[in-house]
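Student: Dumping the structure here so I can ask a few things about it.
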Amino acid sequence: MSFDDVVGLLERTEVVAIVTTRAGGDPAATPIWSVVVDGVPYVRSAYGDGAWWYRHILAGRPVAFAMGDGAVAERDRDAALQLPREPVTATYVPADDAVQQRIDEELERKYATAPRSSVDATIADVARACTLRIEHPA
């Protein structure tokens, strides 16, 4: 697998499973939404900086994506951990970065059939303040 596979997954899959590492070293899978803008993938914490997966990333712990339908993590997080994983890095995107509007637009487009309250949560100021650009590991 390659980083291009990750970009493709995040672009075409409605729910992806992000895999972070707990303080004790155990992996944890969390289902989240993702978008790709101009070939660059982004994720946001719709629950702000209180989401544990987001805190794990900011703490510098390893991060990867389960390479399959992340909706499995909504039903069974352990099953999501059985999928192959591709490591990535994540870089914070400031809330006032010009790309934020494009991310909002892509979230609106990609999740047009999702519950409006869920879309609103991902484009709210608190979520914008918790945006990460997904990148190839160095």
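Following the order of the structure tokens, chains are lettered A, B, ..., residues in each are numbered from 1, and ligands are numbered from 1.
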Per DSSP on the backbone, what are the strand (DSSP E or B) residues of stretch 12-136 of chain A, as a CSV table (one decimal) with N, CA, C and O atoms, in the first residue's frame?
Tutor:
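Dumped to states.csv:
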chain,number,residue,atom,x,y,z
A,16,VAL,N,-14.2,6.5,7.6
A,16,VAL,CA,-12.9,5.9,7.7
A,16,VAL,C,-12.6,5.6,9.2
A,16,VAL,O,-13.1,6.2,10.1
A,17,ALA,N,-11.7,4.6,9.4
A,17,ALA,CA,-11.3,4.3,10.8
A,17,ALA,C,-9.8,4.8,11.0
A,17,ALA,O,-8.9,4.3,10.3
A,18,ILE,N,-9.7,5.8,11.8
A,18,ILE,CA,-8.4,6.3,12.2
A,18,ILE,C,-7.9,5.5,13.4
A,18,ILE,O,-8.7,5.2,14.3
A,19,VAL,N,-6.7,5.1,13.3
A,19,VAL,CA,-6.1,4.3,14.3
A,19,VAL,C,-5.0,5.1,15.1
A,19,VAL,O,-4.0,5.5,14.4
A,20,THR,N,-5.2,5.4,16.3
A,20,THR,CA,-4.3,6.1,17.2
A,20,THR,C,-3.8,5.1,18.2
A,20,THR,O,-4.2,4.0,18.3
A,21,THR,N,-2.9,5.6,19.1
A,21,THR,CA,-2.3,4.8,20.1
A,21,THR,C,-2.6,5.3,21.5
A,21,THR,O,-2.4,6.5,21.7
A,27,PRO,N,-3.4,0.1,20.3
A,27,PRO,CA,-4.0,0.8,19.2
A,27,PRO,C,-5.5,0.9,19.5
A,27,PRO,O,-6.1,0.1,20.2
A,28,ALA,N,-6.1,2.0,19.0
A,28,ALA,CA,-7.6,2.2,19.1
A,28,ALA,C,-8.1,2.8,17.8
A,28,ALA,O,-7.5,3.7,17.2
A,29,ALA,N,-9.2,2.2,17.3
A,29,ALA,CA,-9.8,2.6,16.0
A,29,ALA,C,-11.0,3.5,16.3
A,29,ALA,O,-11.8,3.1,17.2
A,30,THR,N,-11.1,4.6,15.6
A,30,THR,CA,-12.3,5.5,15.8
A,30,THR,C,-12.8,5.8,14.4
A,30,THR,O,-12.1,6.2,13.5
A,31,PRO,N,-14.2,5.6,14.2
A,31,PRO,CA,-14.8,6.0,12.9
A,31,PRO,C,-14.9,7.5,12.8
A,31,PRO,O,-15.4,8.2,13.8
A,32,ILE,N,-14.4,8.1,11.7
A,32,ILE,CA,-14.5,9.5,11.5
A,32,ILE,C,-14.9,9.8,10.0
A,32,ILE,O,-14.8,8.9,9.2
A,34,SER,N,-13.9,12.1,6.5
A,34,SER,CA,-12.7,12.7,5.9
A,34,SER,C,-13.1,13.3,4.6
A,34,SER,O,-14.1,12.9,4.0
A,35,VAL,N,-12.3,14.3,4.1
A,35,VAL,CA,-12.5,14.8,2.8
A,35,VAL,C,-11.1,15.0,2.2
A,35,VAL,O,-10.1,15.1,2.9
A,36,VAL,N,-11.1,15.2,0.8
A,36,VAL,CA,-9.9,15.5,0.1
A,36,VAL,C,-10.2,16.7,-0.7
A,36,VAL,O,-11.2,16.8,-1.4
A,37,VAL,N,-9.3,17.7,-0.6
A,37,VAL,CA,-9.4,19.0,-1.3
A,37,VAL,C,-8.1,19.1,-2.1
A,37,VAL,O,-7.0,19.2,-1.5
A,40,VAL,N,-5.4,16.7,-1.4
A,40,VAL,CA,-4.9,16.7,0.0
A,40,VAL,C,-6.0,16.3,1.0
A,40,VAL,O,-7.1,16.9,1.0
A,41,PRO,N,-5.8,15.2,1.8
A,41,PRO,CA,-6.8,14.8,2.7
A,41,PRO,C,-6.8,15.5,4.0
A,41,PRO,O,-5.8,16.0,4.5
A,42,TYR,N,-8.0,15.7,4.6
A,42,TYR,CA,-8.2,16.4,5.8
A,42,TYR,C,-9.2,15.7,6.7
A,42,TYR,O,-10.1,15.0,6.2
A,43,VAL,N,-9.0,15.8,8.0
A,43,VAL,CA,-10.0,15.3,9.0
A,43,VAL,C,-10.2,16.4,10.0
A,43,VAL,O,-9.4,17.3,10.2
A,44,ARG,N,-11.4,16.3,10.6
A,44,ARG,CA,-11.7,17.2,11.7
A,44,ARG,C,-12.3,16.5,12.9
A,44,ARG,O,-13.0,15.5,12.7
A,63,VAL,N,-0.2,7.5,14.2
A,63,VAL,CA,-1.5,7.5,13.6
A,63,VAL,C,-1.5,6.8,12.3
A,63,VAL,O,-0.5,6.8,11.6
A,64,ALA,N,-2.6,6.1,12.0
A,64,ALA,CA,-2.7,5.4,10.7
A,64,ALA,C,-4.2,5.3,10.4
A,64,ALA,O,-5.0,5.7,11.2
A,65,PHE,N,-4.4,4.8,9.2
A,65,PHE,CA,-5.8,4.6,8.8
A,65,PHE,C,-6.0,3.1,8.5
A,65,PHE,O,-5.1,2.5,7.9
A,66,ALA,N,-7.1,2.5,8.9
A,66,ALA,CA,-7.4,1.2,8.6
A,66,ALA,C,-7.8,1.2,7.1
A,66,ALA,O,-8.7,2.0,6.7
A,85,ARG,N,-3.3,-1.6,7.9
A,85,ARG,CA,-3.1,-0.1,8.3
A,85,ARG,C,-2.0,0.5,7.5
A,85,ARG,O,-1.0,-0.1,7.2
A,86,GLU,N,-2.2,1.8,7.2
A,86,GLU,CA,-1.2,2.6,6.6
A,86,GLU,C,-0.9,3.8,7.4
A,86,GLU,O,-1.8,4.6,7.8
A,87,PRO,N,0.4,3.9,7.9
A,87,PRO,CA,0.7,5.0,8.8
A,87,PRO,C,0.7,6.3,8.0
A,87,PRO,O,1.0,6.4,6.8
A,88,VAL,N,0.4,7.4,8.7
A,88,VAL,CA,0.4,8.8,8.2
A,88,VAL,C,0.9,9.7,9.2
A,88,VAL,O,1.1,9.3,10.4
A,89,THR,N,1.1,11.0,8.9
A,89,THR,CA,1.3,12.0,9.8
A,89,THR,C,0.1,13.0,9.7
A,89,THR,O,-0.6,13.0,8.7
A,90,ALA,N,0.0,13.8,10.7
A,90,ALA,CA,-1.1,14.8,10.7
A,90,ALA,C,-0.6,16.1,11.1
A,90,ALA,O,0.2,16.2,12.1
A,91,THR,N,-0.9,17.2,10.4
A,91,THR,CA,-0.4,18.5,10.7
A,91,THR,C,-1.6,19.4,11.0
A,91,THR,O,-2.6,19.4,10.2
A,92,TYR,N,-1.6,20.2,12.0
A,92,TYR,CA,-2.7,21.1,12.4
A,92,TYR,C,-2.8,22.2,11.3
A,92,TYR,O,-1.9,22.7,10.8
A,93,VAL,N,-4.1,22.5,11.0
A,93,VAL,CA,-4.5,23.5,10.1
A,93,VAL,C,-5.2,24.6,10.9
A,93,VAL,O,-6.3,24.3,11.4
A,131,THR,N,-8.9,20.9,12.8
A,131,THR,CA,-8.7,20.4,11.5
A,131,THR,C,-7.2,19.9,11.4
A,131,THR,O,-6.3,20.6,11.8
A,132,LEU,N,-7.1,18.8,10.8
A,132,LEU,CA,-5.7,18.2,10.5
A,132,LEU,C,-5.6,17.8,9.1
A,132,LEU,O,-6.5,17.3,8.4
A,133,ARG,N,-4.4,18.2,8.5
A,133,ARG,CA,-4.1,17.8,7.2
A,133,ARG,C,-3.3,16.4,7.3
A,133,ARG,O,-2.4,16.3,8.1
A,134,ILE,N,-3.7,15.4,6.5
A,134,ILE,CA,-3.1,14.1,6.6
A,134,ILE,C,-2.0,14.1,5.5
A,134,ILE,O,-2.2,14.5,4.4
A,135,GLU,N,-0.8,13.6,5.9
A,135,GLU,CA,0.3,13.7,5.1
A,135,GLU,C,1.1,12.3,5.1
A,135,GLU,O,0.9,11.5,6.0
Student: Residues of chain A classed as alpha helix (DSSP H) by DSSP on the backbone are to be reported as number ranges by chain.
Tutor: A: 3-12, 52-58, 72-75, 77-80, 99-110, 116-123, 125-128
Student: Which is closest to A:Ala98 among A:Val6, A:Met67, A:Arg128, A:Val72, if we use only C-alpha atoms?
Tutor: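 Ranked by minimum distance to A:Ala98, first place goes to A:Arg128.
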Student: Nearest to A:Ile57 among A:Lys110, A:Pro94, A:Cys130, A:Arg12, with distances taken over only C-alpha atoms: which residue is it?
Tutor: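 Residue with the minimum atom-to-atom distance to A:Ile57: A:Cys130.
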Student: Might you pull out every residue within 6 Å of A:Ala46, with only C-alpha atoms counted and same-chain residues fewer than 6 positions away left off, and present them as a PyMOL selection string?
Tutor: chain A and resi 121-122+127
Student: What does the distance from atom CA of A:Arg102 to atom CA of A:Gly70 come to in Å, to one decimal?
Tutor: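 Computing it gives 23.5 Å between the two atoms.
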Student: Between A:Arg77, A:Leu107, A:Ser117, A:Ala51, which residue has the minimum interatomic distance to A:Glu11, considering only C-alpha atoms?
Tutor: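 Result for the nearest residue to A:Glu11: A:Leu107.
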Student: Of the candidates A:Leu9, A:Ile103, A:Ala138, A:Ala71, which one gets nearest to A:Ala124 if we count only C-alpha atoms?
Tutor: A:Ile103
Student: For A:Val119, list every protein, DNA or RNA residue within 10 Å, evaluated using only C-alpha atoms, and leave out those in the same chain fewer than 4 positions away; present the list as a VMD selection string.
Tutor: chain A and resid 33 46 104 107 to 115 123 to 124
Student: Only N, CA, C and O atoms, please: the residues just picked out, written as an mmCIF file, in the first residue's frame.
Tutor:
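Final output, saved to again_29.cif:
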data_model
loop_
_atom_site.group_PDB
_atom_site.id
_atom_site.type_symbol
_atom_site.label_atom_id
_atom_site.label_comp_id
_atom_site.auth_asym_id
_atom_site.auth_seq_id
_atom_site.Cartn_x
_atom_site.Cartn_y
_atom_site.Cartn_z
ATOM 1 N N TRP A 33 -15.169 11.039 9.721
ATOM 2 C CA TRP A 33 -15.350 11.491 8.346
ATOM 3 C C TRP A 33 -14.043 12.097 7.851
ATOM 4 O O TRP A 33 -13.218 12.577 8.646
ATOM 5 N N ALA A 46 -15.229 16.659 15.029
ATOM 6 C CA ALA A 46 -16.527 17.323 15.165
ATOM 7 C C ALA A 46 -16.845 17.612 16.628
ATOM 8 O O ALA A 46 -17.698 18.441 16.925
ATOM 9 N N ASP A 104 -15.033 22.963 4.251
ATOM 10 C CA ASP A 104 -16.467 23.062 4.557
ATOM 11 C C ASP A 104 -17.308 22.665 3.345
ATOM 12 O O ASP A 104 -18.261 21.884 3.461
ATOM 13 N N LEU A 107 -17.134 18.952 2.711
ATOM 14 C CA LEU A 107 -17.933 18.227 3.705
ATOM 15 C C LEU A 107 -19.419 18.306 3.347
ATOM 16 O O LEU A 107 -20.135 17.305 3.414
ATOM 17 N N GLU A 108 -19.868 19.487 2.953
ATOM 18 C CA GLU A 108 -21.269 19.667 2.541
ATOM 19 C C GLU A 108 -21.599 18.777 1.342
ATOM 20 O O GLU A 108 -22.659 18.160 1.287
ATOM 21 N N ARG A 109 -20.681 18.712 0.368
ATOM 22 C CA ARG A 109 -20.926 17.916 -0.830
ATOM 23 C C ARG A 109 -20.903 16.415 -0.530
ATOM 24 O O ARG A 109 -21.825 15.684 -0.868
ATOM 25 N N LYS A 110 -19.829 15.969 0.112
ATOM 26 C CA LYS A 110 -19.640 14.534 0.335
ATOM 27 C C LYS A 110 -20.708 13.950 1.252
ATOM 28 O O LYS A 110 -21.151 12.818 1.060
ATOM 29 N N TYR A 111 -21.131 14.720 2.230
ATOM 30 C CA TYR A 111 -22.073 14.203 3.227
ATOM 31 C C TYR A 111 -23.465 14.827 3.096
ATOM 32 O O TYR A 111 -24.200 14.952 4.072
ATOM 33 N N ALA A 112 -23.832 15.179 1.868
ATOM 34 C CA ALA A 112 -25.126 15.829 1.605
ATOM 35 C C ALA A 112 -26.316 14.990 2.058
ATOM 36 O O ALA A 112 -27.358 15.534 2.427
ATOM 37 N N THR A 113 -26.174 13.680 2.091
ATOM 38 C CA THR A 113 -27.292 12.821 2.508
ATOM 39 C C THR A 113 -27.225 12.428 3.986
ATOM 40 O O THR A 113 -28.108 11.740 4.477
ATOM 41 N N ALA A 114 -26.187 12.870 4.674
ATOM 42 C CA ALA A 114 -26.048 12.577 6.115
ATOM 43 C C ALA A 114 -26.987 13.482 6.907
ATOM 44 O O ALA A 114 -27.452 14.508 6.401
ATOM 45 N N PRO A 115 -27.275 13.117 8.145
ATOM 46 C CA PRO A 115 -28.103 14.006 8.983
ATOM 47 C C PRO A 115 -27.505 15.411 9.047
ATOM 48 O O PRO A 115 -26.292 15.574 9.238
ATOM 49 N N ILE A 123 -18.750 21.427 10.424
ATOM 50 C CA ILE A 123 -18.395 22.735 9.864
ATOM 51 C C ILE A 123 -18.493 23.852 10.904
ATOM 52 O O ILE A 123 -18.282 25.013 10.582
ATOM 53 N N ALA A 124 -18.783 23.479 12.131
ATOM 54 C CA ALA A 124 -18.856 24.454 13.221
ATOM 55 C C ALA A 124 -17.460 24.986 13.560
ATOM 56 O O ALA A 124 -16.444 24.353 13.256
#
